[in-house]
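Chemist: Sharing protein.cif (mmCIF, C-alpha atoms and all ligand atoms) below.
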```
data_query
loop_
_atom_site.label_atom_id
_atom_site.label_comp_id
_atom_site.auth_asym_id
_atom_site.auth_seq_id
_atom_site.Cartn_x
_atom_site.Cartn_y
_atom_site.Cartn_z
CA MET X 141 0.33 -2.86 -22.21
CA PRO X 142 3.06 -4.36 -19.97
CA ALA X 143 2.06 -5.70 -16.56
CA ARG X 144 2.57 -3.03 -13.91
CA SER X 145 5.30 -5.06 -12.20
CA GLN X 146 7.31 -5.01 -15.45
CA SER X 147 7.11 -1.25 -15.65
CA ILE X 148 9.02 -0.81 -12.38
CA SER X 149 12.56 0.26 -13.19
CA ALA X 150 15.65 1.55 -11.40
CA THR X 151 14.28 5.09 -11.64
CA THR X 152 10.87 4.29 -10.13
CA ARG X 153 10.29 6.31 -6.93
CA PHE X 154 8.36 5.16 -3.88
CA ALA X 155 5.97 6.39 -1.24
CA ALA X 156 4.41 4.19 1.43
CA VAL X 157 2.13 3.90 4.42
CA PHE X 158 3.43 2.59 7.75
CA GLY X 159 0.99 1.15 10.28
CA HIS X 160 0.61 -1.69 12.75
CA PRO X 161 -1.45 -3.58 11.66
CA ILE X 162 -1.56 -2.52 7.98
CA LYS X 163 -2.93 -5.39 5.92
CA HIS X 164 -6.43 -3.90 5.54
CA SER X 165 -5.18 -0.52 4.35
CA ALA X 166 -6.91 0.78 1.23
CA SER X 167 -4.29 3.50 0.74
CA PRO X 168 -2.16 1.57 -1.81
CA ALA X 169 -5.22 1.07 -4.05
CA MET X 170 -6.17 4.76 -3.76
CA HIS X 171 -2.68 6.17 -4.32
CA ASN X 172 -1.58 3.82 -7.09
CA ALA X 173 -4.75 4.65 -9.04
CA ALA X 174 -3.90 8.33 -8.69
CA ILE X 175 -0.22 7.78 -9.58
CA ASP X 176 -1.35 5.96 -12.75
CA ARG X 177 -3.72 8.77 -13.66
CA LEU X 178 -1.02 11.40 -13.15
CA GLY X 179 1.38 9.32 -15.28
CA LEU X 180 4.09 9.29 -12.60
CA ASP X 181 6.85 6.66 -12.41
CA TRP X 182 6.04 6.11 -8.72
CA ARG X 183 4.62 3.27 -6.63
CA TYR X 184 2.88 3.39 -3.26
CA LEU X 185 3.50 0.50 -0.86
CA ALA X 186 2.29 -0.55 2.61
CA PHE X 187 4.51 -1.78 5.45
CA ASP X 188 3.70 -3.25 8.83
CA VAL X 189 6.02 -1.29 11.12
CA HIS X 190 6.04 -1.92 14.87
CA PRO X 191 6.08 1.34 16.89
CA ASP X 192 9.48 0.34 18.34
CA GLN X 193 10.85 0.36 14.81
CA LEU X 194 9.17 3.53 13.56
CA ALA X 195 12.23 5.76 13.93
CA VAL X 196 14.52 3.44 11.97
CA ALA X 197 11.82 2.75 9.39
CA ILE X 198 11.39 6.49 8.71
CA LYS X 199 15.16 6.94 8.50
CA GLY X 200 15.39 3.92 6.19
CA ALA X 201 12.75 5.29 3.82
CA GLN X 202 14.57 8.63 3.84
CA SER X 203 17.91 6.95 3.06
CA MET X 204 16.29 5.09 0.18
CA LYS X 205 14.98 8.43 -1.10
CA PHE X 206 11.31 7.61 -0.80
CA LEU X 207 9.27 10.65 -1.80
CA GLY X 208 7.13 10.51 1.30
CA LEU X 209 5.16 8.46 3.80
CA ASN X 210 1.75 8.21 5.33
CA LEU X 211 1.49 7.12 8.94
CA THR X 212 -1.54 5.45 10.41
CA VAL X 213 -2.49 3.85 13.74
CA PRO X 214 -0.55 3.77 16.09
CA HIS X 215 2.18 6.07 14.74
CA LYS X 216 0.70 9.53 14.32
CA VAL X 217 1.56 11.05 17.69
CA LEU X 218 4.84 9.21 18.10
CA ALA X 219 6.03 10.65 14.79
CA LEU X 220 5.79 14.21 16.14
CA HIS X 221 9.11 13.56 17.87
CA LEU X 222 10.72 11.64 15.04
CA VAL X 223 10.61 14.03 12.10
CA ASP X 224 13.15 16.79 11.51
CA GLU X 225 10.61 19.54 10.75
CA LEU X 226 6.97 20.03 11.68
CA ASP X 227 4.58 21.85 9.39
CA LEU X 228 2.10 24.16 11.14
CA SER X 229 -0.66 21.61 10.45
CA ALA X 230 1.17 18.94 12.47
CA LYS X 231 1.95 21.38 15.28
CA THR X 232 -1.64 22.62 15.40
CA TRP X 233 -3.31 19.21 15.48
CA GLY X 234 -0.61 17.40 17.43
CA ALA X 235 -0.18 14.48 15.03
CA VAL X 236 1.70 13.58 11.84
CA ASN X 237 -0.01 11.47 9.18
CA THR X 238 2.08 12.59 6.20
CA ILE X 239 5.84 12.94 5.78
CA LEU X 240 7.47 14.72 2.87
CA PHE X 241 11.15 13.89 2.38
CA GLU X 242 13.12 16.93 1.37
CA ALA X 243 16.64 17.39 0.05
CA GLN X 244 19.30 20.04 -0.31
CA CYS X 245 20.95 19.99 -3.71
CA ALA X 246 23.17 22.72 -5.10
CA SER X 247 21.50 25.53 -3.14
CA GLU X 248 20.74 25.70 0.58
CA ASP X 249 16.98 25.44 0.00
CA TRP X 250 15.12 22.39 1.19
CA ARG X 251 13.04 21.07 -1.71
CA PRO X 252 10.71 18.06 -2.14
CA LEU X 253 12.77 15.06 -3.26
CA ARG X 254 10.95 14.82 -6.57
CA LEU X 255 12.60 18.09 -7.61
CA CYS X 256 16.14 16.90 -6.90
CA ASP X 257 18.53 14.90 -9.02
CA PRO X 258 19.47 11.97 -6.74
CA ASP X 259 23.13 12.39 -7.76
CA GLN X 260 23.21 16.00 -6.57
CA ILE X 261 21.71 15.56 -3.09
CA THR X 262 23.88 16.76 -0.21
CA ALA X 263 21.43 16.39 2.71
CA LEU X 264 18.02 14.87 3.44
CA ARG X 265 15.37 15.58 6.04
CA SER X 266 11.81 14.54 6.98
CA HIS X 267 9.00 17.11 7.15
CA GLY X 268 5.81 16.15 9.01
CA PHE X 269 2.31 17.33 8.05
CA ASN X 270 -1.22 16.62 9.20
CA THR X 271 -3.80 16.21 6.45
CA ASP X 272 -6.41 14.46 8.64
CA ALA X 273 -7.94 17.51 10.29
CA ASP X 274 -8.76 19.32 7.03
CA ALA X 275 -10.09 16.05 5.61
CA ILE X 276 -12.65 15.66 8.42
CA ILE X 277 -14.09 19.08 7.70
CA ARG X 278 -13.97 18.75 3.91
CA SER X 279 -15.79 15.43 4.09
CA ILE X 280 -18.49 16.69 6.46
CA ARG X 281 -19.00 19.82 4.33
CA GLU X 282 -19.04 18.09 0.95
CA ASP X 283 -20.72 14.80 1.85
CA LEU X 284 -23.41 16.26 4.12
CA GLU X 285 -23.57 19.71 2.50
CA ILE X 286 -23.68 21.28 5.91
CA GLU X 287 -22.59 24.74 7.05
CA LEU X 288 -20.39 24.35 10.10
CA ARG X 289 -20.13 28.02 11.04
CA GLY X 290 -22.68 28.60 13.78
CA ALA X 291 -23.67 24.93 14.00
CA THR X 292 -24.47 22.98 17.16
CA ILE X 293 -22.78 19.59 17.13
CA LEU X 294 -22.70 16.47 19.30
CA LEU X 295 -19.34 14.72 19.05
CA LEU X 296 -19.19 11.13 20.31
CA GLY X 297 -15.71 9.92 21.24
CA ALA X 298 -12.63 11.53 22.73
CA GLY X 299 -9.78 9.37 21.42
CA GLY X 300 -7.26 10.59 18.85
CA ALA X 301 -9.83 11.07 16.08
CA GLY X 302 -12.35 12.68 18.44
CA ARG X 303 -9.78 15.14 19.75
CA THR X 304 -8.71 16.23 16.26
CA ALA X 305 -12.35 16.57 15.17
CA ALA X 306 -13.22 18.65 18.25
CA LEU X 307 -10.29 21.03 17.79
CA LYS X 308 -10.84 21.39 14.06
CA LEU X 309 -14.61 21.88 14.35
CA ALA X 310 -14.01 24.60 16.93
CA SER X 311 -11.60 26.32 14.55
CA GLU X 312 -14.30 26.31 11.86
CA GLY X 313 -16.50 28.56 13.98
CA VAL X 314 -19.13 26.13 15.24
CA LYS X 315 -21.35 27.71 17.86
CA LYS X 316 -21.68 24.88 20.35
CA LEU X 317 -19.97 21.56 20.80
CA TYR X 318 -21.30 18.80 23.04
CA LEU X 319 -18.70 16.17 23.90
CA VAL X 320 -19.61 12.67 25.07
CA ASN X 321 -17.19 9.84 25.80
CA ARG X 322 -17.32 6.55 27.71
CA THR X 323 -14.37 7.75 29.76
CA ARG X 324 -15.64 11.17 30.74
CA SER X 325 -12.26 12.46 31.91
CA LYS X 326 -10.98 12.36 28.31
CA ALA X 327 -13.90 14.53 27.13
CA ASP X 328 -13.17 16.90 30.05
CA GLU X 329 -9.54 17.07 28.94
CA ILE X 330 -10.53 18.04 25.36
CA ALA X 331 -12.99 20.62 26.74
CA ARG X 332 -10.15 22.16 28.77
CA GLU X 333 -7.87 22.22 25.73
CA LEU X 334 -10.60 23.82 23.61
CA LYS X 335 -11.25 26.48 26.22
CA SER X 336 -7.58 27.36 26.48
CA ARG X 337 -7.27 27.53 22.68
CA SER X 338 -10.39 29.68 22.33
CA GLU X 339 -8.68 32.39 24.41
CA HIS X 340 -6.59 33.02 21.29
CA GLY X 341 -8.98 31.90 18.56
CA PRO X 342 -12.61 31.32 17.65
CA GLN X 343 -15.12 31.25 20.47
CA VAL X 344 -17.05 28.02 20.87
CA ALA X 345 -19.34 27.00 23.72
CA ILE X 346 -18.31 23.59 25.07
CA GLU X 347 -20.35 21.23 27.18
CA VAL X 348 -19.44 17.73 28.26
CA GLY X 349 -22.69 15.77 28.08
CA TYR X 350 -25.72 15.26 25.84
CA PRO X 351 -27.70 18.16 24.31
CA GLU X 352 -31.22 18.79 25.49
CA GLY X 353 -32.72 20.37 22.39
CA ASN X 354 -32.20 19.94 18.66
CA ILE X 355 -28.74 19.95 17.12
CA ASP X 356 -27.43 20.36 13.55
CA LEU X 357 -25.09 17.36 13.39
CA VAL X 358 -23.97 14.31 15.35
CA VAL X 359 -20.51 12.83 14.65
CA ASN X 360 -19.37 9.37 15.70
CA ALA X 361 -15.64 9.35 16.43
CA THR X 362 -15.75 6.24 18.62
CA SER X 363 -14.80 2.79 17.36
CA LEU X 364 -18.31 1.49 18.09
CA GLY X 365 -19.73 0.20 14.82
CA LEU X 366 -16.57 -1.44 13.50
CA SER X 367 -18.01 -4.75 14.63
CA PRO X 368 -21.59 -5.69 13.59
CA ALA X 369 -22.38 -6.69 17.19
CA ASP X 370 -21.54 -3.21 18.54
CA PRO X 371 -24.29 -1.16 20.19
CA LEU X 372 -25.04 2.45 19.25
CA PRO X 373 -22.23 4.86 20.21
CA PHE X 374 -24.58 6.91 22.42
CA ASP X 375 -27.05 6.28 25.23
CA PRO X 376 -30.54 6.16 23.61
CA ALA X 377 -32.04 7.15 26.96
CA GLN X 378 -30.19 10.45 26.76
CA PHE X 379 -30.13 11.28 23.04
CA SER X 380 -32.43 10.61 20.08
CA LEU X 381 -31.43 10.64 16.43
CA ASN X 382 -34.78 12.35 15.76
CA SER X 383 -33.24 15.54 17.12
CA THR X 384 -30.65 15.91 14.34
CA PRO X 385 -30.91 16.46 10.56
CA ALA X 386 -27.43 15.05 9.86
CA ALA X 387 -25.17 12.24 11.09
CA TYR X 388 -21.54 11.53 10.22
CA ASP X 389 -19.71 8.32 11.11
CA MET X 390 -15.92 8.30 10.86
CA ILE X 391 -16.13 4.54 10.32
CA TYR X 392 -16.21 3.53 6.64
CA ARG X 393 -15.97 -0.24 7.00
CA PRO X 394 -18.81 -1.35 7.16
CA ALA X 395 -20.29 1.26 4.81
CA GLU X 396 -23.37 1.60 7.00
CA THR X 397 -23.01 1.17 10.74
CA LEU X 398 -25.99 0.70 13.05
CA PHE X 399 -25.56 4.39 13.93
CA LEU X 400 -25.91 5.48 10.29
CA ALA X 401 -28.74 3.04 9.58
CA GLU X 402 -30.72 4.33 12.56
CA ALA X 403 -29.95 7.93 11.65
CA ALA X 404 -31.19 7.37 8.08
CA ARG X 405 -34.31 5.69 9.45
CA ALA X 406 -34.90 8.77 11.59
CA GLY X 407 -34.73 10.90 8.43
CA ALA X 408 -31.21 12.32 8.87
CA LYS X 409 -28.80 12.90 6.02
CA THR X 410 -25.86 10.54 6.54
CA ALA X 411 -22.26 10.06 5.45
CA ASN X 412 -19.53 7.64 6.44
CA GLY X 413 -15.80 8.26 6.89
CA LEU X 414 -14.71 7.27 3.39
CA GLY X 415 -14.42 10.93 2.50
CA MET X 416 -11.97 11.48 5.38
CA LEU X 417 -9.73 8.72 4.06
CA LEU X 418 -10.04 10.10 0.55
CA TYR X 419 -9.28 13.73 1.33
CA GLN X 420 -6.37 13.07 3.70
CA GLY X 421 -4.86 10.94 0.92
CA ALA X 422 -5.56 13.51 -1.77
CA LYS X 423 -3.83 16.24 0.24
CA ALA X 424 -0.84 13.97 0.98
CA LEU X 425 -0.46 13.23 -2.73
CA GLU X 426 -0.58 16.96 -3.49
CA ILE X 427 2.17 17.59 -0.92
CA TRP X 428 4.40 14.94 -2.49
CA SER X 429 3.64 15.65 -6.14
CA GLY X 430 2.85 19.36 -6.32
CA GLU X 431 -0.06 18.37 -8.59
CA LYS X 432 -3.81 18.45 -8.08
CA ALA X 433 -4.97 15.04 -6.88
CA PRO X 434 -7.43 13.18 -9.15
CA VAL X 435 -10.02 12.85 -6.40
CA GLU X 436 -12.65 10.99 -8.46
CA VAL X 437 -10.19 8.31 -9.54
CA MET X 438 -9.02 7.92 -5.95
CA CYS X 439 -12.59 7.67 -4.67
CA GLU X 440 -13.49 5.00 -7.20
CA ALA X 441 -10.37 2.98 -6.30
CA LEU X 442 -11.23 3.22 -2.61
CA ARG X 443 -14.82 2.10 -3.17
CA GLU X 444 -13.72 -0.85 -5.25
CA ASN X 445 -11.06 -1.86 -2.73
CA ILE X 446 -13.26 -1.54 0.34
CA TYR X 447 -16.76 -2.39 -0.87
CA GLY X 448 -16.01 -4.41 -4.00
CA LYS X 449 -17.34 -3.51 -7.46
CA VAL X 450 -20.62 -1.59 -7.28
P1 LIG I 1 -8.99 6.71 17.40
O1 LIG I 1 -7.58 7.09 17.17
O2 LIG I 1 -9.65 6.03 16.24
O3 LIG I 1 -9.80 7.85 17.93
P2 LIG I 1 -8.84 5.72 20.09
O4 LIG I 1 -7.97 6.87 20.45
O5 LIG I 1 -8.51 4.36 20.61
O6 LIG I 1 -8.95 5.56 18.52
O7 LIG I 1 -10.34 6.11 20.54
C1 LIG I 1 -11.40 5.20 20.49
C2 LIG I 1 -12.68 5.91 20.93
O8 LIG I 1 -13.76 4.97 20.91
C3 LIG I 1 -12.62 6.45 22.35
O9 LIG I 1 -13.46 7.57 22.44
C4 LIG I 1 -13.18 5.28 23.14
O10 LIG I 1 -13.72 5.60 24.40
P3 LIG I 1 -12.75 5.61 25.72
O11 LIG I 1 -12.00 6.91 25.64
O12 LIG I 1 -13.68 5.54 26.85
O13 LIG I 1 -11.85 4.43 25.58
C5 LIG I 1 -14.30 4.85 22.23
N1 LIG I 1 -14.70 3.47 22.50
C6 LIG I 1 -14.00 2.36 22.19
N2 LIG I 1 -14.67 1.25 22.60
C7 LIG I 1 -15.82 1.70 23.18
C8 LIG I 1 -16.94 1.04 23.80
N3 LIG I 1 -17.01 -0.28 23.90
N4 LIG I 1 -17.92 1.83 24.29
C9 LIG I 1 -17.86 3.18 24.19
N5 LIG I 1 -16.84 3.84 23.62
C10 LIG I 1 -15.82 3.11 23.11
#
```
Go through the file and emit its structure as structure tokens.
Ligand code: ATR

Modeler:
Amino acid sequence: MPARSQSISATTRFAAVFGHPIKHSASPAMHNAAIDRLGLDWRYLAFDVHPDQLAVAIKGAQSMKFLGLNLTVPHKVLALHLVDELDLSAKTWGAVNTILFEAQCASEDWRPLRLCDPDQITALRSHGFNTDADAIIRSIREDLEIELRGATILLLGAGGAGRTAALKLASEGVKKLYLVNRTRSKADEIARELKSRSEHGPQVAIEVGYPEGNIDLVVNATSLGLSPADPLPFDPAQFSLNSTPAAYDMIYRPAETLFLAEAARAGAKTANGLGMLLYQGAKALEIWSGEKAPVEVMCEALRENIYGKV
């Protein structure tokens, strides 16, 4: 079999992830494994793009007829104002992590670039999606086997990931959401946003602060745990892991944070954020390719890339 680099030709198409920094991204490993499995003449690359250069980098990828892009930290909110079209998912969750480049060929319809003969293209545009929010829920459901409808949940963290998780959990019909964040005003802000959204959607009880009784799930959406020296992401004087049967950490590197180790010790079912990374990538690939993503192959590639051979 020829080396992969030799199989790149003038007709090979590209997708990529833009981030800053980007060098630890596992997305190329995950996507190239899937591209191989699907037998596509595509490659997935990673680029360090400074936020000041994001607009020109997106335009450049579009001009070079990339099929699509993923965007990671710190680009997801910025990109809302840089793409030509926003899918409902991006509008709803207020962030873009996936761009599909679309083209007009003979007809007026905008179609994914993969369906267009490059020689026939008359116009190009960028279409922004959000695949992160669905991925959070799919991962919690599948990895923890938990029913979210009617659940009582403590969510730790009110940054970008915490906000998306709070809004998406509320839309899944959870009964009660406790929000805790180091900077309380940011949790208050999410609570306000949730209350205004629930006037038109699912009802969820929101409280900023720790729960008093038992809950169904605790989710860590803070960055505490990324470093081995980090403390727990909650105040042990105000909350005990004994009061929950399940714990989810959005962090996937390391595989087991102090939070997950303590939760497991307390008898809780645990899962880390690898599933979020996997499912947002799987959905992005489906948007670009129109094919069902080979999730198992992608998961194996991620595990190998992040944790080494197991
Ligand atoms: P992301 O996009 O991953 O959510 P972020 O928006 O920077 O990243 O959010 C980081 C989250 O981790 C925030 O909830 C942050 O708390 P603040 O809003 O108070 O900044 C939380 N966090 C980061 N470092 C923390 C620390 N040392 N102690 C407690 N919380 C921390």

Chemist: Can you work out the spacing between CA of Leu398 in chain X and CA of Gly365 in chain X in Å, to one decimal?

Modeler: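 Interatomic distance here is 6.5 Å.
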
Chemist: Each residue of range 239-342 of chain X lying at most 6 Å from range 349-360 of chain X should get a row with its shortest atom-to-atom pair and the distance in Å to one decimal, counting all atoms listed in the file; could you produce that, ordered by chain and increasing number, as CSV?

Modeler:
```
residue,atom,partner,partner_atom,distance
X:Ala291,CA,X:Asp356,CA,5.9
X:Thr292,CA,X:Ile355,CA,5.2
X:Ile293,CA,X:Leu357,CA,4.9
X:Leu294,CA,X:Val358,CA,4.7
X:Leu295,CA,X:Val359,CA,4.9
X:Leu296,CA,X:Asn360,CA,4.9
X:Leu319,CA,X:Gly349,CA,5.8
X:Val320,CA,X:Gly349,CA,5.3
```

Chemist: Write out as a Markdown table the residues of chain X that have any atom within 12 Å of an atom of ligand LIG 1 (chain I), one row each with the nearest atom pair and its distance in Å to one decimal, counting all atoms listed in the file, sorted by chain and then rising number.

Modeler:
```
| residue | atom | partner | partner_atom | distance |
| --- | --- | --- | --- | --- |
| X:Thr212 | CA | I:LIG1 | O1 | 9.2 |
| X:Val213 | CA | I:LIG1 | O1 | 6.9 |
| X:Pro214 | CA | I:LIG1 | O1 | 7.8 |
| X:His215 | CA | I:LIG1 | O1 | 10.1 |
| X:Lys216 | CA | I:LIG1 | O1 | 9.1 |
| X:Val217 | CA | I:LIG1 | O1 | 10.0 |
| X:Ala235 | CA | I:LIG1 | O1 | 10.7 |
| X:Asn237 | CA | I:LIG1 | O1 | 11.8 |
| X:Asp272 | CA | I:LIG1 | O1 | 11.3 |
| X:Leu295 | CA | I:LIG1 | O9 | 9.9 |
| X:Leu296 | CA | I:LIG1 | O9 | 7.1 |
| X:Gly297 | CA | I:LIG1 | O9 | 3.5 |
| X:Ala298 | CA | I:LIG1 | O9 | 4.1 |
| X:Gly299 | CA | I:LIG1 | O4 | 3.2 |
| X:Gly300 | CA | I:LIG1 | O3 | 3.8 |
| X:Ala301 | CA | I:LIG1 | O3 | 3.7 |
| X:Gly302 | CA | I:LIG1 | O3 | 5.5 |
| X:Arg303 | CA | I:LIG1 | O3 | 7.5 |
| X:Thr304 | CA | I:LIG1 | O3 | 8.6 |
| X:Ala305 | CA | I:LIG1 | O3 | 9.5 |
| X:Ala306 | CA | I:LIG1 | O3 | 11.3 |
| X:Leu319 | CA | I:LIG1 | O9 | 10.2 |
| X:Val320 | CA | I:LIG1 | O9 | 8.4 |
| X:Asn321 | CA | I:LIG1 | O9 | 5.5 |
| X:Arg322 | CA | I:LIG1 | O12 | 3.9 |
| X:Thr323 | CA | I:LIG1 | O12 | 3.7 |
| X:Arg324 | CA | I:LIG1 | O12 | 7.1 |
| X:Ser325 | CA | I:LIG1 | O11 | 8.4 |
| X:Lys326 | CA | I:LIG1 | O11 | 6.2 |
| X:Ala327 | CA | I:LIG1 | O11 | 8.0 |
| X:Asp328 | CA | I:LIG1 | O11 | 11.0 |
| X:Glu329 | CA | I:LIG1 | O11 | 11.0 |
| X:Ile330 | CA | I:LIG1 | O11 | 11.2 |
| X:Val359 | CA | I:LIG1 | O9 | 11.7 |
| X:Asn360 | CA | I:LIG1 | O8 | 8.8 |
| X:Ala361 | CA | I:LIG1 | O3 | 6.2 |
| X:Thr362 | CA | I:LIG1 | O8 | 3.3 |
| X:Ser363 | CA | I:LIG1 | O8 | 4.3 |
| X:Leu364 | CA | I:LIG1 | C7 | 5.7 |
| X:Gly365 | CA | I:LIG1 | N2 | 9.3 |
| X:Leu366 | CA | I:LIG1 | N2 | 9.7 |
| X:Ser367 | CA | I:LIG1 | N3 | 10.3 |
| X:Ala369 | CA | I:LIG1 | N3 | 10.7 |
| X:Asp370 | CA | I:LIG1 | N3 | 7.6 |
| X:Pro371 | CA | I:LIG1 | N4 | 8.1 |
| X:Leu372 | CA | I:LIG1 | N4 | 8.7 |
| X:Pro373 | CA | I:LIG1 | C9 | 6.1 |
| X:Phe374 | CA | I:LIG1 | C9 | 7.9 |
| X:Asp375 | CA | I:LIG1 | C9 | 9.8 |
| X:Asp389 | CA | I:LIG1 | O2 | 11.5 |
| X:Met390 | CA | I:LIG1 | O2 | 8.6 |
| X:Ile391 | CA | I:LIG1 | O2 | 8.9 |
| X:Tyr392 | CA | I:LIG1 | O2 | 11.9 |
| X:Gly413 | CA | I:LIG1 | O2 | 11.4 |
```

Chemist: Create the file for the chosen residues now, containing C-alpha atoms and written as a PDB file, in the frame of the given file.

Modeler:
```
ATOM      1  CA  THR X 212      -1.540   5.450  10.410  1.00  0.00           C
ATOM      2  CA  VAL X 213      -2.490   3.850  13.740  1.00  0.00           C
ATOM      3  CA  PRO X 214      -0.550   3.770  16.090  1.00  0.00           C
ATOM      4  CA  HIS X 215       2.180   6.070  14.740  1.00  0.00           C
ATOM      5  CA  LYS X 216       0.700   9.530  14.320  1.00  0.00           C
ATOM      6  CA  VAL X 217       1.560  11.050  17.690  1.00  0.00           C
ATOM      7  CA  ALA X 235      -0.180  14.480  15.030  1.00  0.00           C
ATOM      8  CA  ASN X 237      -0.010  11.470   9.180  1.00  0.00           C
ATOM      9  CA  ASP X 272      -6.410  14.460   8.640  1.00  0.00           C
ATOM     10  CA  LEU X 295     -19.340  14.720  19.050  1.00  0.00           C
ATOM     11  CA  LEU X 296     -19.190  11.130  20.310  1.00  0.00           C
ATOM     12  CA  GLY X 297     -15.710   9.920  21.240  1.00  0.00           C
ATOM     13  CA  ALA X 298     -12.630  11.530  22.730  1.00  0.00           C
ATOM     14  CA  GLY X 299      -9.780   9.370  21.420  1.00  0.00           C
ATOM     15  CA  GLY X 300      -7.260  10.590  18.850  1.00  0.00           C
ATOM     16  CA  ALA X 301      -9.830  11.070  16.080  1.00  0.00           C
ATOM     17  CA  GLY X 302     -12.350  12.680  18.440  1.00  0.00           C
ATOM     18  CA  ARG X 303      -9.780  15.140  19.750  1.00  0.00           C
ATOM     19  CA  THR X 304      -8.710  16.230  16.260  1.00  0.00           C
ATOM     20  CA  ALA X 305     -12.350  16.570  15.170  1.00  0.00           C
ATOM     21  CA  ALA X 306     -13.220  18.650  18.250  1.00  0.00           C
ATOM     22  CA  LEU X 319     -18.700  16.170  23.900  1.00  0.00           C
ATOM     23  CA  VAL X 320     -19.610  12.670  25.070  1.00  0.00           C
ATOM     24  CA  ASN X 321     -17.190   9.840  25.800  1.00  0.00           C
ATOM     25  CA  ARG X 322     -17.320   6.550  27.710  1.00  0.00           C
ATOM     26  CA  THR X 323     -14.370   7.750  29.760  1.00  0.00           C
ATOM     27  CA  ARG X 324     -15.640  11.170  30.740  1.00  0.00           C
ATOM     28  CA  SER X 325     -12.260  12.460  31.910  1.00  0.00           C
ATOM     29  CA  LYS X 326     -10.980  12.360  28.310  1.00  0.00           C
ATOM     30  CA  ALA X 327     -13.900  14.530  27.130  1.00  0.00           C
ATOM     31  CA  ASP X 328     -13.170  16.900  30.050  1.00  0.00           C
ATOM     32  CA  GLU X 329      -9.540  17.070  28.940  1.00  0.00           C
ATOM     33  CA  ILE X 330     -10.530  18.040  25.360  1.00  0.00           C
ATOM     34  CA  VAL X 359     -20.510  12.830  14.650  1.00  0.00           C
ATOM     35  CA  ASN X 360     -19.370   9.370  15.700  1.00  0.00           C
ATOM     36  CA  ALA X 361     -15.640   9.350  16.430  1.00  0.00           C
ATOM     37  CA  THR X 362     -15.750   6.240  18.620  1.00  0.00           C
ATOM     38  CA  SER X 363     -14.800   2.790  17.360  1.00  0.00           C
ATOM     39  CA  LEU X 364     -18.310   1.490  18.090  1.00  0.00           C
ATOM     40  CA  GLY X 365     -19.730   0.200  14.820  1.00  0.00           C
ATOM     41  CA  LEU X 366     -16.570  -1.440  13.500  1.00  0.00           C
ATOM     42  CA  SER X 367     -18.010  -4.750  14.630  1.00  0.00           C
ATOM     43  CA  ALA X 369     -22.380  -6.690  17.190  1.00  0.00           C
ATOM     44  CA  ASP X 370     -21.540  -3.210  18.540  1.00  0.00           C
ATOM     45  CA  PRO X 371     -24.290  -1.160  20.190  1.00  0.00           C
ATOM     46  CA  LEU X 372     -25.040   2.450  19.250  1.00  0.00           C
ATOM     47  CA  PRO X 373     -22.230   4.860  20.210  1.00  0.00           C
ATOM     48  CA  PHE X 374     -24.580   6.910  22.420  1.00  0.00           C
ATOM     49  CA  ASP X 375     -27.050   6.280  25.230  1.00  0.00           C
ATOM     50  CA  ASP X 389     -19.710   8.320  11.110  1.00  0.00           C
ATOM     51  CA  MET X 390     -15.920   8.300  10.860  1.00  0.00           C
ATOM     52  CA  ILE X 391     -16.130   4.540  10.320  1.00  0.00           C
ATOM     53  CA  TYR X 392     -16.210   3.530   6.640  1.00  0.00           C
ATOM     54  CA  GLY X 413     -15.800   8.260   6.890  1.00  0.00           C
TER      55      GLY X 413
END
```

Chemist: Write out as an NGL selection string the residues lying within 9 Å of Leu264 in chain X, counting only C-alpha atoms and excluding same-chain residues fewer than 4 positions away.

Modeler: :X and (202-203 or 205 or 241-244 or 250 or 253)

Chemist: Residues within 12 Å of Lys308 in chain X, please, as a VMD selection string. Count all atoms listed in the file; anything in the same chain fewer than 2 positions from it doesn't count.

Modeler: chain X and resid 229 232 to 234 270 to 278 280 288 to 289 295 301 to 306 310 to 314 317 330 334 337 to 338 341 to 342 344

Chemist: List the neighbours of Leu381 in chain X out to 9 Å using all atoms listed in the file; skip same-chain residues closer than 4 positions along the sequence, and give me the result as a compact mmCIF listing (two decimals) with C-alpha atoms, in the coordinates of the input.

Modeler:
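Okay, selection_7.txt is ready:
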```txt
# COMPACT_ATOMS: atom_id res chain seq x y z
CA VAL X 358 -23.97 14.31 15.35
CA PRO X 376 -30.54 6.16 23.61
CA PRO X 385 -30.91 16.46 10.56
CA ALA X 386 -27.43 15.05 9.86
CA ALA X 387 -25.17 12.24 11.09
CA PHE X 399 -25.56 4.39 13.93
CA GLU X 402 -30.72 4.33 12.56
CA ALA X 403 -29.95 7.93 11.65
CA ALA X 404 -31.19 7.37 8.08
CA ALA X 406 -34.90 8.77 11.59
CA GLY X 407 -34.73 10.90 8.43
CA ALA X 408 -31.21 12.32 8.87
```

Chemist: For Arg183 in chain X, which residue among X:Lys335, X:Lys316, X:Arg405, X:His171 is the nearest when counting all atoms listed in the file?

Modeler: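 Counting all atoms listed in the file, the residue closest to Arg183 in chain X is X:His171.
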
Chemist: With only C-alpha atoms as the basis for distance, which of X:Met438, X:Ala433, X:Leu180, X:Leu400 is at the shortest distance from Ala155 in chain X?

Modeler: X:Leu180

Chemist: Just give me the gap between CA of Thr262 in chain X and CA of Met204 in chain X in Å, one decimal is fine.

Modeler: 13.9 Å
